[in-house]
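Asker: Please see the structure below; I have some questions.
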Amino acid sequence: MPTDVVSLQAIGLTEVKRALRRRLQLVAEGVHQTKVFVVVNGKGGVGKSSLSAALAAAWAAIGLRVLLIEMDEQGNNGEDLGTTGTVLADDGEAQAAAILDGKPLTPTGEARPGLFVVPGGAVLEDVIEELYCQRRLASRCESPEDQSAWMGMYAAAIDAVRDLYDVIVLDVAPGSEPLQLQALAAGDFVLVPSKSDPSSRKGLRTVARRFGQARALNPMLRLLGVVIFGTNASATNIQTKIKGQLEEDLNGAAPVFDQTIRHVEAAAVACRLAGRVAHEMRSSTAIEPSVRRSMKALAGDYQSLAIEIMQAKTALDRGTRTESEAA
């Protein structure tokens, strides 16, 4: 056996393959619980981090036990949740330890009651570098299983702790193909935030290609839908046009959610400065009354979307069970 293949096994890919086989067995037995949401787009600046933090906080606020994993070197979730510079911020150390050293995937703490965080940060650059190496080594293997197993390193780490949480949210870096493939291999549902510009729509098509790659390893992965982000709430005709364009891009593969997230710059800035999400700021007396009104509307957008997403998840789960029973 070539030495590069020996090294591939030495870092634990055998364990990764074993974990992936266990997952497929659970799926076959009908006992795999879907709970991992992958928030991703091939382009940055489309509201990915804000959406991830807001959804995670909204679900935790209704009593769900939520894990938010930021698979992004930028670490923007720390600003969204106010954890930057606190003991919860580790620059990605805990995440890197789980993926590179095989340690348990351990949150740094609770950003909110019931909302546990595994932060991103600059240390993830080491993870990305290793993933590129593993992909290159895997390409030299003879077995198709060995060739694709490198994509399951995050899946194995997440599956080891998934029973501890009701919901797991993966906030994935836009420019990193290895991280996106890892997230898609680990996920159950994909959420794609998108704006109306051509670059955002191109980013959606990039995700679609990688989605197809990951499905080879994770056949239960579902594209849950696209979230239109940063729109003018009063421009209903424009929203309808944007939705039509995105639905054409998707070609029936998934819906565009009815609930959009409006663009309110003052409210978004106020949230980031305070390190709080919109629903936590809607009654704040520290912001101007006009901004507070906009904040309430923005909070309503996120909360309605959180409900719509869970309804879509339930419908897909029900449809999957029906198909399984029919088979």
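Ligands are numbered from 1 in the order shown, residues from 1 within each chain, and chains are lettered A, B, ... in the order they appear in the structure tokens.
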For Val40 of chain A, find every residue with an atom within 9 Å (counting only C-alpha atoms), except residues of its own chain fewer than 5 positions away, and show them as number ranges by chain.

Answerer: A: 48, 170-174, 180, 183, 190-193, 204, 207

Asker: Report as JSON, numbers by chain: the residues of segment 151-294 of chain A with a DSSP assignment of helix (DSSP H, G or I), based on the backbone of this structure.

Answerer: {"A": [151, 152, 153, 154, 155, 156, 157, 158, 159, 162, 163, 164, 177, 178, 179, 180, 181, 182, 183, 184, 185, 186, 198, 199, 200, 201, 202, 203, 204, 205, 206, 207, 208, 209, 210, 211, 212, 213, 214, 215, 236, 237, 238, 239, 240, 241, 242, 243, 244, 245, 246, 247, 248, 249, 250, 265, 266, 267, 268, 269, 270, 271, 272, 273, 274, 278, 279, 280, 281, 289, 290, 291, 292, 293, 294]}

Asker: I'd like to know which of A:Arg262, A:Lys241, A:Lys17, A:Lys35 is closest to Leu221 of chain A, using only C-alpha atoms.

Answerer: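 So, comparing all the options, the nearest one is A:Lys35.
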
Asker: Would you mind listing what lies within 6 Å of segment 110-115 of chain A as a PyMOL selection string, with only C-alpha atoms counted and same-chain residues fewer than 4 positions away left out?

Answerer: chain A and resi 60+65-67

Asker: Take the residues that were just selected and, keeping C-alpha atoms, output them as a compact mmCIF listing (two decimals), in the first residue's frame.

Answerer:
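Contents of again.txt, freshly written:
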# COMPACT_ATOMS: atom_id res chain seq x y z
CA ALA A 60 -33.33 28.26 21.47
CA ARG A 65 -31.46 22.74 22.60
CA VAL A 66 -29.43 24.19 19.73
CA LEU A 67 -25.82 23.78 18.62

Asker: List the spatial neighbours of Asn76 of chain A as a compact mmCIF listing (two decimals) with all heavy atoms, in the first residue's frame - criterion: any atom at most 12 Å away, only C-alpha atoms, same-chain residues fewer than 6 positions off excluded.

Answerer:
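Written output follows (result-v2.txt):
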# COMPACT_ATOMS: atom_id res chain seq x y z
N GLY A 44 -20.28 35.40 -0.60
CA GLY A 44 -20.41 36.06 0.69
C GLY A 44 -21.32 37.28 0.61
O GLY A 44 -21.74 37.70 -0.47
N GLY A 45 -21.66 37.83 1.77
CA GLY A 45 -22.45 39.05 1.82
C GLY A 45 -23.92 38.86 1.51
O GLY A 45 -24.60 39.81 1.10
N GLY A 47 -26.09 37.43 3.86
CA GLY A 47 -26.81 37.29 5.11
C GLY A 47 -26.68 35.95 5.80
O GLY A 47 -27.42 35.65 6.73
N LYS A 48 -25.70 35.15 5.37
CA LYS A 48 -25.54 33.79 5.88
C LYS A 48 -25.35 33.76 7.40
O LYS A 48 -26.05 33.03 8.12
CB LYS A 48 -24.36 33.13 5.18
CG LYS A 48 -23.97 31.77 5.69
CD LYS A 48 -22.71 31.29 4.99
CE LYS A 48 -21.54 32.21 5.26
NZ LYS A 48 -21.12 32.19 6.68
N SER A 49 -24.40 34.55 7.91
CA SER A 49 -24.10 34.52 9.34
C SER A 49 -25.24 35.11 10.16
O SER A 49 -25.60 34.57 11.22
CB SER A 49 -22.80 35.28 9.62
OG SER A 49 -21.70 34.59 9.06
N SER A 50 -25.81 36.21 9.68
CA SER A 50 -26.94 36.81 10.40
C SER A 50 -28.11 35.86 10.46
O SER A 50 -28.78 35.73 11.50
CB SER A 50 -27.37 38.12 9.72
OG SER A 50 -26.33 39.08 9.77
N LEU A 51 -28.38 35.17 9.35
CA LEU A 51 -29.48 34.22 9.31
C LEU A 51 -29.22 33.05 10.26
O LEU A 51 -30.12 32.65 11.01
CB LEU A 51 -29.66 33.70 7.88
CG LEU A 51 -30.76 32.66 7.66
CD1 LEU A 51 -32.13 33.26 7.97
CD2 LEU A 51 -30.72 32.14 6.23
N SER A 52 -28.00 32.52 10.25
CA SER A 52 -27.66 31.38 11.11
C SER A 52 -27.85 31.74 12.58
O SER A 52 -28.45 30.98 13.35
CB SER A 52 -26.22 30.95 10.87
OG SER A 52 -26.02 30.52 9.54
N ALA A 53 -27.32 32.90 12.98
CA ALA A 53 -27.41 33.33 14.38
C ALA A 53 -28.86 33.59 14.79
O ALA A 53 -29.30 33.20 15.88
CB ALA A 53 -26.56 34.57 14.61
N ILE A 69 -22.57 25.71 14.91
CA ILE A 69 -21.17 25.49 14.55
C ILE A 69 -20.82 26.43 13.41
O ILE A 69 -21.42 26.36 12.33
CB ILE A 69 -20.92 24.03 14.11
CG1 ILE A 69 -21.37 23.05 15.20
CG2 ILE A 69 -19.44 23.82 13.78
CD1 ILE A 69 -21.28 21.59 14.78
N GLU A 70 -19.87 27.31 13.65
CA GLU A 70 -19.48 28.29 12.63
C GLU A 70 -18.28 27.77 11.85
O GLU A 70 -17.14 27.87 12.30
CB GLU A 70 -19.15 29.64 13.27
CG GLU A 70 -18.86 30.70 12.23
CD GLU A 70 -18.55 32.05 12.84
OE1 GLU A 70 -18.19 32.09 14.03
OE2 GLU A 70 -18.67 33.06 12.14
N GLY A 82 -22.62 38.53 20.26
CA GLY A 82 -21.94 39.25 21.33
C GLY A 82 -20.92 38.43 22.08
O GLY A 82 -20.60 38.74 23.24
N THR A 83 -20.36 37.41 21.45
CA THR A 83 -19.38 36.56 22.14
C THR A 83 -17.93 36.89 21.78
O THR A 83 -17.01 36.33 22.38
CB THR A 83 -19.64 35.08 21.81
OG1 THR A 83 -19.57 34.89 20.38
CG2 THR A 83 -21.02 34.66 22.30
N THR A 84 -17.72 37.80 20.84
CA THR A 84 -16.36 38.18 20.47
C THR A 84 -15.65 38.77 21.68
O THR A 84 -16.19 39.64 22.38
CB THR A 84 -16.38 39.21 19.34
OG1 THR A 84 -17.02 38.64 18.20
CG2 THR A 84 -14.96 39.64 18.96
N ALA A 89 -15.25 32.76 22.90
CA ALA A 89 -14.52 32.90 21.64
C ALA A 89 -13.18 32.19 21.75
O ALA A 89 -12.38 32.48 22.64
CB ALA A 89 -14.31 34.38 21.32
N ASP A 91 -11.46 31.28 18.59
CA ASP A 91 -10.83 31.43 17.28
C ASP A 91 -10.84 30.13 16.47
O ASP A 91 -10.06 29.97 15.55
CB ASP A 91 -9.40 31.95 17.42
CG ASP A 91 -8.96 32.81 16.24
OD1 ASP A 91 -9.84 33.39 15.57
OD2 ASP A 91 -7.74 32.90 15.98
N GLY A 92 -11.73 29.20 16.84
CA GLY A 92 -11.83 27.94 16.11
C GLY A 92 -11.04 26.79 16.70
O GLY A 92 -10.97 25.72 16.10
N PRO A 119 -17.35 28.14 17.96
CA PRO A 119 -17.00 29.29 17.12
C PRO A 119 -16.06 28.94 15.97
O PRO A 119 -15.34 27.94 16.00
CB PRO A 119 -16.30 30.25 18.11
CG PRO A 119 -16.65 29.74 19.47
CD PRO A 119 -16.82 28.26 19.32
N GLY A 120 -16.09 29.81 14.97
CA GLY A 120 -15.11 29.75 13.90
C GLY A 120 -13.95 30.68 14.24
O GLY A 120 -13.83 31.18 15.35
N GLY A 121 -13.12 30.93 13.23
CA GLY A 121 -11.99 31.82 13.45
C GLY A 121 -10.79 31.39 12.62
O GLY A 121 -10.84 30.43 11.84
N ALA A 122 -9.69 32.10 12.83
CA ALA A 122 -8.50 31.92 11.98
C ALA A 122 -7.90 30.53 12.06
O ALA A 122 -7.25 30.07 11.10
CB ALA A 122 -7.44 32.96 12.37
N ASP A 171 -23.03 27.06 9.96
CA ASP A 171 -22.84 28.32 9.24
C ASP A 171 -21.54 28.19 8.45
O ASP A 171 -20.46 28.20 9.03
CB ASP A 171 -22.79 29.48 10.25
CG ASP A 171 -22.51 30.81 9.60
OD1 ASP A 171 -22.55 30.91 8.36
OD2 ASP A 171 -22.25 31.79 10.34
N VAL A 172 -21.64 28.06 7.13
CA VAL A 172 -20.50 27.60 6.33
C VAL A 172 -19.89 28.72 5.49
O VAL A 172 -20.61 29.48 4.82
CB VAL A 172 -20.94 26.44 5.40
CG1 VAL A 172 -19.72 25.77 4.80
CG2 VAL A 172 -21.77 25.43 6.16
N ALA A 173 -18.57 28.78 5.49
CA ALA A 173 -17.84 29.80 4.74
C ALA A 173 -18.19 29.75 3.26
O ALA A 173 -18.29 28.66 2.67
CB ALA A 173 -16.33 29.60 4.92
N ARG A 272 -25.56 44.34 15.41
CA ARG A 272 -24.14 43.97 15.45
C ARG A 272 -23.42 44.72 16.58
O ARG A 272 -22.58 44.15 17.28
CB ARG A 272 -23.47 44.26 14.11
CG ARG A 272 -23.65 43.16 13.06
CD ARG A 272 -22.65 42.04 13.31
NE ARG A 272 -22.91 40.87 12.48
CZ ARG A 272 -22.32 40.63 11.32
NH1 ARG A 272 -21.47 41.51 10.81
NH2 ARG A 272 -22.57 39.51 10.68
N GLY A 275 -24.42 43.11 19.76
CA GLY A 275 -24.18 41.68 19.87
C GLY A 275 -25.44 40.91 20.21
O GLY A 275 -25.41 39.92 20.93

Asker: From the set A:Val169, A:Ala58, A:Leu184, A:Leu100, which residue has the shortest atom-to-atom contact distance to Phe37 of chain A, counting only C-alpha atoms?

Answerer: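 Nearest candidate to Phe37 of chain A out of A:Val169, A:Ala58, A:Leu184, A:Leu100: A:Val169.
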
Asker: Separation of atom CA of Gly109 of chain A and atom CA of Trp150 of chain A, in Å?

Answerer: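 We find that atom CA of Gly109 of chain A and atom CA of Trp150 of chain A lie 28.3 Å from each other.
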
Asker: Identify which of the residues A:Val118, A:Ile287, A:Ala19, A:Ile309 lies closest to Leu273 of chain A, counting only C-alpha atoms when measuring atom-to-atom distances.

Answerer: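 Answer, going by the shortest atom-to-atom distance: A:Ile287.
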
Asker: Taking 2 positions as the minimum chain separation for residues in the same chain, which residues sit within 10 Å of Ala270 of chain A when counting only C-alpha atoms? Answer as a list in words.

Answerer: Glu265, Ala266, Ala267, Ala268, Arg272, Leu273, Ala274, Gly275, Arg276, Val277, Ala278, Met281, Ala286, Ile287, Val291, Arg292 and Met295 of chain A

Asker: Looking at A:Ala306, A:Ala312, A:Ile158, A:Leu223, which one is nearest to Phe189 of chain A, with distances taken over only C-alpha atoms?

Answerer: A:Leu223

Asker: Tell me, which residues of segment 53-267 of chain A carry DSSP strand (DSSP E or B), written as an mmCIF file with N, CA and C atoms, in the first residue's frame?

Answerer:
data_model
loop_
_atom_site.group_PDB
_atom_site.id
_atom_site.type_symbol
_atom_site.label_atom_id
_atom_site.label_comp_id
_atom_site.auth_asym_id
_atom_site.auth_seq_id
_atom_site.Cartn_x
_atom_site.Cartn_y
_atom_site.Cartn_z
ATOM 1 N N VAL A 66 -29.991 23.886 21.043
ATOM 2 C CA VAL A 66 -29.435 24.195 19.730
ATOM 3 C C VAL A 66 -27.906 24.246 19.800
ATOM 4 N N LEU A 67 -27.270 23.680 18.787
ATOM 5 C CA LEU A 67 -25.822 23.785 18.622
ATOM 6 C C LEU A 67 -25.545 24.558 17.342
ATOM 7 N N LEU A 68 -24.799 25.653 17.442
ATOM 8 C CA LEU A 68 -24.407 26.462 16.286
ATOM 9 C C LEU A 68 -22.914 26.282 16.056
ATOM 10 N N ILE A 69 -22.569 25.708 14.910
ATOM 11 C CA ILE A 69 -21.171 25.488 14.550
ATOM 12 C C ILE A 69 -20.820 26.434 13.414
ATOM 13 N N GLU A 70 -19.867 27.312 13.652
ATOM 14 C CA GLU A 70 -19.479 28.288 12.635
ATOM 15 C C GLU A 70 -18.279 27.772 11.849
ATOM 16 N N MET A 71 -18.541 27.218 10.678
ATOM 17 C CA MET A 71 -17.482 26.694 9.821
ATOM 18 C C MET A 71 -16.981 27.802 8.898
ATOM 19 N N GLY A 109 -19.403 27.007 25.166
ATOM 20 C CA GLY A 109 -20.373 27.408 26.180
ATOM 21 C C GLY A 109 -21.695 27.782 25.552
ATOM 22 N N GLU A 110 -22.554 28.430 26.336
ATOM 23 C CA GLU A 110 -23.871 28.858 25.893
ATOM 24 C C GLU A 110 -23.872 30.360 25.614
ATOM 25 N N ALA A 111 -24.152 30.732 24.372
ATOM 26 C CA ALA A 111 -24.278 32.144 24.031
ATOM 27 C C ALA A 111 -25.605 32.701 24.532
ATOM 28 N N ARG A 112 -26.599 31.833 24.603
ATOM 29 C CA ARG A 112 -27.917 32.115 25.158
ATOM 30 C C ARG A 112 -28.368 30.844 25.864
ATOM 31 N N LEU A 115 -28.546 27.703 23.726
ATOM 32 C CA LEU A 115 -27.831 27.906 22.458
ATOM 33 C C LEU A 115 -26.329 27.729 22.700
ATOM 34 N N PHE A 116 -25.820 26.581 22.289
ATOM 35 C CA PHE A 116 -24.419 26.233 22.490
ATOM 36 C C PHE A 116 -23.644 26.553 21.208
ATOM 37 N N VAL A 117 -22.424 27.063 21.369
ATOM 38 C CA VAL A 117 -21.677 27.522 20.196
ATOM 39 C C VAL A 117 -20.319 26.838 20.081
ATOM 40 N N VAL A 118 -19.973 26.523 18.835
ATOM 41 C CA VAL A 118 -18.617 26.104 18.469
ATOM 42 C C VAL A 118 -18.139 27.169 17.486
ATOM 43 N N VAL A 167 -31.513 20.688 17.543
ATOM 44 C CA VAL A 167 -31.210 21.319 16.263
ATOM 45 C C VAL A 167 -29.717 21.629 16.211
ATOM 46 N N ILE A 168 -29.119 21.400 15.056
ATOM 47 C CA ILE A 168 -27.719 21.775 14.834
ATOM 48 C C ILE A 168 -27.668 22.635 13.578
ATOM 49 N N VAL A 169 -27.053 23.812 13.692
ATOM 50 C CA VAL A 169 -26.949 24.754 12.578
ATOM 51 C C VAL A 169 -25.483 24.877 12.182
ATOM 52 N N LEU A 170 -25.196 24.661 10.907
ATOM 53 C CA LEU A 170 -23.841 24.818 10.375
ATOM 54 C C LEU A 170 -23.798 26.083 9.529
ATOM 55 N N ASP A 171 -23.026 27.064 9.961
ATOM 56 C CA ASP A 171 -22.843 28.318 9.237
ATOM 57 C C ASP A 171 -21.542 28.189 8.450
ATOM 58 N N VAL A 172 -21.639 28.061 7.132
ATOM 59 C CA VAL A 172 -20.503 27.600 6.328
ATOM 60 C C VAL A 172 -19.888 28.723 5.486
ATOM 61 N N PHE A 189 -30.479 19.088 5.956
ATOM 62 C CA PHE A 189 -31.207 20.058 5.151
ATOM 63 C C PHE A 189 -30.296 21.232 4.791
ATOM 64 N N VAL A 190 -30.478 21.755 3.588
ATOM 65 C CA VAL A 190 -29.684 22.892 3.124
ATOM 66 C C VAL A 190 -30.584 24.111 2.989
ATOM 67 N N LEU A 191 -30.140 25.203 3.587
ATOM 68 C CA LEU A 191 -30.791 26.504 3.453
ATOM 69 C C LEU A 191 -29.840 27.429 2.725
ATOM 70 N N VAL A 192 -30.312 28.076 1.666
ATOM 71 C CA VAL A 192 -29.461 28.955 0.880
ATOM 72 C C VAL A 192 -30.005 30.379 0.934
ATOM 73 N N PRO A 193 -29.357 31.275 1.689
ATOM 74 C CA PRO A 193 -29.748 32.685 1.631
ATOM 75 C C PRO A 193 -29.231 33.293 0.340
ATOM 76 N N SER A 194 -30.029 34.136 -0.292
ATOM 77 C CA SER A 194 -29.622 34.709 -1.574
ATOM 78 C C SER A 194 -30.218 36.094 -1.749
ATOM 79 N N ARG A 222 -31.211 16.959 1.829
ATOM 80 C CA ARG A 222 -32.316 17.591 1.122
ATOM 81 C C ARG A 222 -32.085 19.097 1.019
ATOM 82 N N LEU A 223 -32.380 19.658 -0.151
ATOM 83 C CA LEU A 223 -32.361 21.108 -0.324
ATOM 84 C C LEU A 223 -33.692 21.645 0.169
ATOM 85 N N LEU A 224 -33.692 22.255 1.351
ATOM 86 C CA LEU A 224 -34.941 22.668 1.978
ATOM 87 C C LEU A 224 -35.535 23.896 1.301
ATOM 88 N N GLY A 225 -34.676 24.848 0.908
ATOM 89 C CA GLY A 225 -35.195 26.015 0.219
ATOM 90 C C GLY A 225 -34.232 27.194 0.237
ATOM 91 N N VAL A 226 -34.639 28.240 -0.453
ATOM 92 C CA VAL A 226 -33.847 29.466 -0.595
ATOM 93 C C VAL A 226 -34.548 30.588 0.158
ATOM 94 N N VAL A 227 -33.762 31.365 0.881
ATOM 95 C CA VAL A 227 -34.263 32.524 1.625
ATOM 96 C C VAL A 227 -33.835 33.791 0.902
ATOM 97 N N ILE A 228 -34.799 34.613 0.512
ATOM 98 C CA ILE A 228 -34.472 35.900 -0.122
ATOM 99 C C ILE A 228 -34.102 36.881 0.981
ATOM 100 N N PHE A 229 -32.895 37.394 0.900
ATOM 101 C CA PHE A 229 -32.334 38.221 1.972
ATOM 102 C C PHE A 229 -32.079 39.644 1.489
ATOM 103 N N GLY A 230 -32.327 40.609 2.369
ATOM 104 C CA GLY A 230 -31.974 41.996 2.090
ATOM 105 C C GLY A 230 -32.846 42.652 1.048
ATOM 106 N N THR A 231 -34.180 42.418 1.121
ATOM 107 C CA THR A 231 -35.075 43.014 0.136
ATOM 108 C C THR A 231 -35.768 44.243 0.707
ATOM 109 N N VAL A 256 -38.668 28.505 -2.905
ATOM 110 C CA VAL A 256 -38.179 29.763 -2.343
ATOM 111 C C VAL A 256 -39.152 30.102 -1.218
ATOM 112 N N ILE A 261 -36.382 38.306 4.217
ATOM 113 C CA ILE A 261 -35.755 39.113 5.257
ATOM 114 C C ILE A 261 -35.471 40.491 4.677
ATOM 115 N N ARG A 262 -36.116 41.484 5.247
ATOM 116 C CA ARG A 262 -36.007 42.837 4.707
ATOM 117 C C ARG A 262 -34.645 43.468 4.984
#

Asker: Which residue, A:Ser196, A:Ser290, A:Gln311, A:Gln182, has the smallest gap to Gln213 of chain A when you use only C-alpha atoms?

Answerer: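 Of the candidates, the smallest distance to Gln213 of chain A is held by A:Gln182.
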
Asker: So, counting only C-alpha atoms, which residue among A:Ser283, A:Ser200, A:Ala157, A:Glu79 is closest to Ala94 of chain A?

Answerer: A:Ala157

Asker: Fewer than 3 positions away in the same chain doesn't count, so skip those; otherwise give me all residues within 8 Å of Pro178 of chain A, counting only C-alpha atoms, as a PDB file with all heavy atoms, in the first residue's frame.

Answerer:
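Once written, around_21.pdb looks like this:
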ATOM      1  N   ILE A 128      -8.765  23.749   6.947  1.00  0.00           N
ATOM      2  CA  ILE A 128      -8.949  23.791   5.495  1.00  0.00           C
ATOM      3  C   ILE A 128      -7.726  23.230   4.781  1.00  0.00           C
ATOM      4  O   ILE A 128      -7.849  22.448   3.819  1.00  0.00           O
ATOM      5  CB  ILE A 128      -9.233  25.236   5.036  1.00  0.00           C
ATOM      6  CG1 ILE A 128     -10.582  25.698   5.592  1.00  0.00           C
ATOM      7  CG2 ILE A 128      -9.238  25.329   3.513  1.00  0.00           C
ATOM      8  CD1 ILE A 128     -10.850  27.179   5.382  1.00  0.00           C
ATOM      9  N   LEU A 131      -7.831  19.537   5.036  1.00  0.00           N
ATOM     10  CA  LEU A 131      -8.871  18.955   4.182  1.00  0.00           C
ATOM     11  C   LEU A 131      -8.404  18.877   2.730  1.00  0.00           C
ATOM     12  O   LEU A 131      -8.686  17.893   2.036  1.00  0.00           O
ATOM     13  CB  LEU A 131     -10.161  19.776   4.288  1.00  0.00           C
ATOM     14  CG  LEU A 131     -10.882  19.731   5.635  1.00  0.00           C
ATOM     15  CD1 LEU A 131     -12.092  20.656   5.619  1.00  0.00           C
ATOM     16  CD2 LEU A 131     -11.290  18.315   5.995  1.00  0.00           C
ATOM     17  N   TYR A 132      -7.705  19.901   2.266  1.00  0.00           N
ATOM     18  CA  TYR A 132      -7.151  19.843   0.912  1.00  0.00           C
ATOM     19  C   TYR A 132      -6.174  18.674   0.787  1.00  0.00           C
ATOM     20  O   TYR A 132      -6.167  17.950  -0.225  1.00  0.00           O
ATOM     21  CB  TYR A 132      -6.431  21.147   0.576  1.00  0.00           C
ATOM     22  CG  TYR A 132      -7.333  22.232   0.037  1.00  0.00           C
ATOM     23  CD1 TYR A 132      -7.501  23.434   0.737  1.00  0.00           C
ATOM     24  CD2 TYR A 132      -8.001  22.087  -1.176  1.00  0.00           C
ATOM     25  CE1 TYR A 132      -8.331  24.446   0.241  1.00  0.00           C
ATOM     26  CE2 TYR A 132      -8.821  23.081  -1.678  1.00  0.00           C
ATOM     27  CZ  TYR A 132      -8.982  24.257  -0.960  1.00  0.00           C
ATOM     28  OH  TYR A 132      -9.793  25.245  -1.454  1.00  0.00           O
ATOM     29  N   MET A 151     -14.639  13.520   2.888  1.00  0.00           N
ATOM     30  CA  MET A 151     -15.718  14.493   3.038  1.00  0.00           C
ATOM     31  C   MET A 151     -16.534  14.277   4.310  1.00  0.00           C
ATOM     32  O   MET A 151     -17.343  15.126   4.684  1.00  0.00           O
ATOM     33  CB  MET A 151     -16.660  14.443   1.825  1.00  0.00           C
ATOM     34  CG  MET A 151     -16.089  15.026   0.561  1.00  0.00           C
ATOM     35  SD  MET A 151     -17.350  15.282  -0.721  1.00  0.00           S
ATOM     36  CE  MET A 151     -17.731  13.597  -1.190  1.00  0.00           C
ATOM     37  N   LEU A 181     -18.255  21.079   1.275  1.00  0.00           N
ATOM     38  CA  LEU A 181     -18.496  19.654   1.059  1.00  0.00           C
ATOM     39  C   LEU A 181     -18.608  18.908   2.380  1.00  0.00           C
ATOM     40  O   LEU A 181     -19.444  18.007   2.533  1.00  0.00           O
ATOM     41  CB  LEU A 181     -17.380  19.056   0.193  1.00  0.00           C
ATOM     42  CG  LEU A 181     -17.393  19.466  -1.281  1.00  0.00           C
ATOM     43  CD1 LEU A 181     -16.126  18.990  -1.983  1.00  0.00           C
ATOM     44  CD2 LEU A 181     -18.627  18.909  -1.989  1.00  0.00           C
ATOM     45  N   GLN A 182     -17.772  19.273   3.356  1.00  0.00           N
ATOM     46  CA  GLN A 182     -17.857  18.656   4.681  1.00  0.00           C
ATOM     47  C   GLN A 182     -19.218  18.922   5.315  1.00  0.00           C
ATOM     48  O   GLN A 182     -19.849  18.023   5.873  1.00  0.00           O
ATOM     49  CB  GLN A 182     -16.760  19.226   5.592  1.00  0.00           C
ATOM     50  CG  GLN A 182     -15.361  18.810   5.248  1.00  0.00           C
ATOM     51  CD  GLN A 182     -15.055  17.379   5.658  1.00  0.00           C
ATOM     52  OE1 GLN A 182     -15.579  16.872   6.649  1.00  0.00           O
ATOM     53  NE2 GLN A 182     -14.195  16.721   4.914  1.00  0.00           N
TER      54      GLN A 182
END

Asker: If you measure from atom CA of Pro219 of chain A to atom CA of Gly175 of chain A, what distance in Å do you get, rounded to one decimal?

Answerer: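 Taking atom CA of Pro219 of chain A and atom CA of Gly175 of chain A, their separation equals 23.9 Å.
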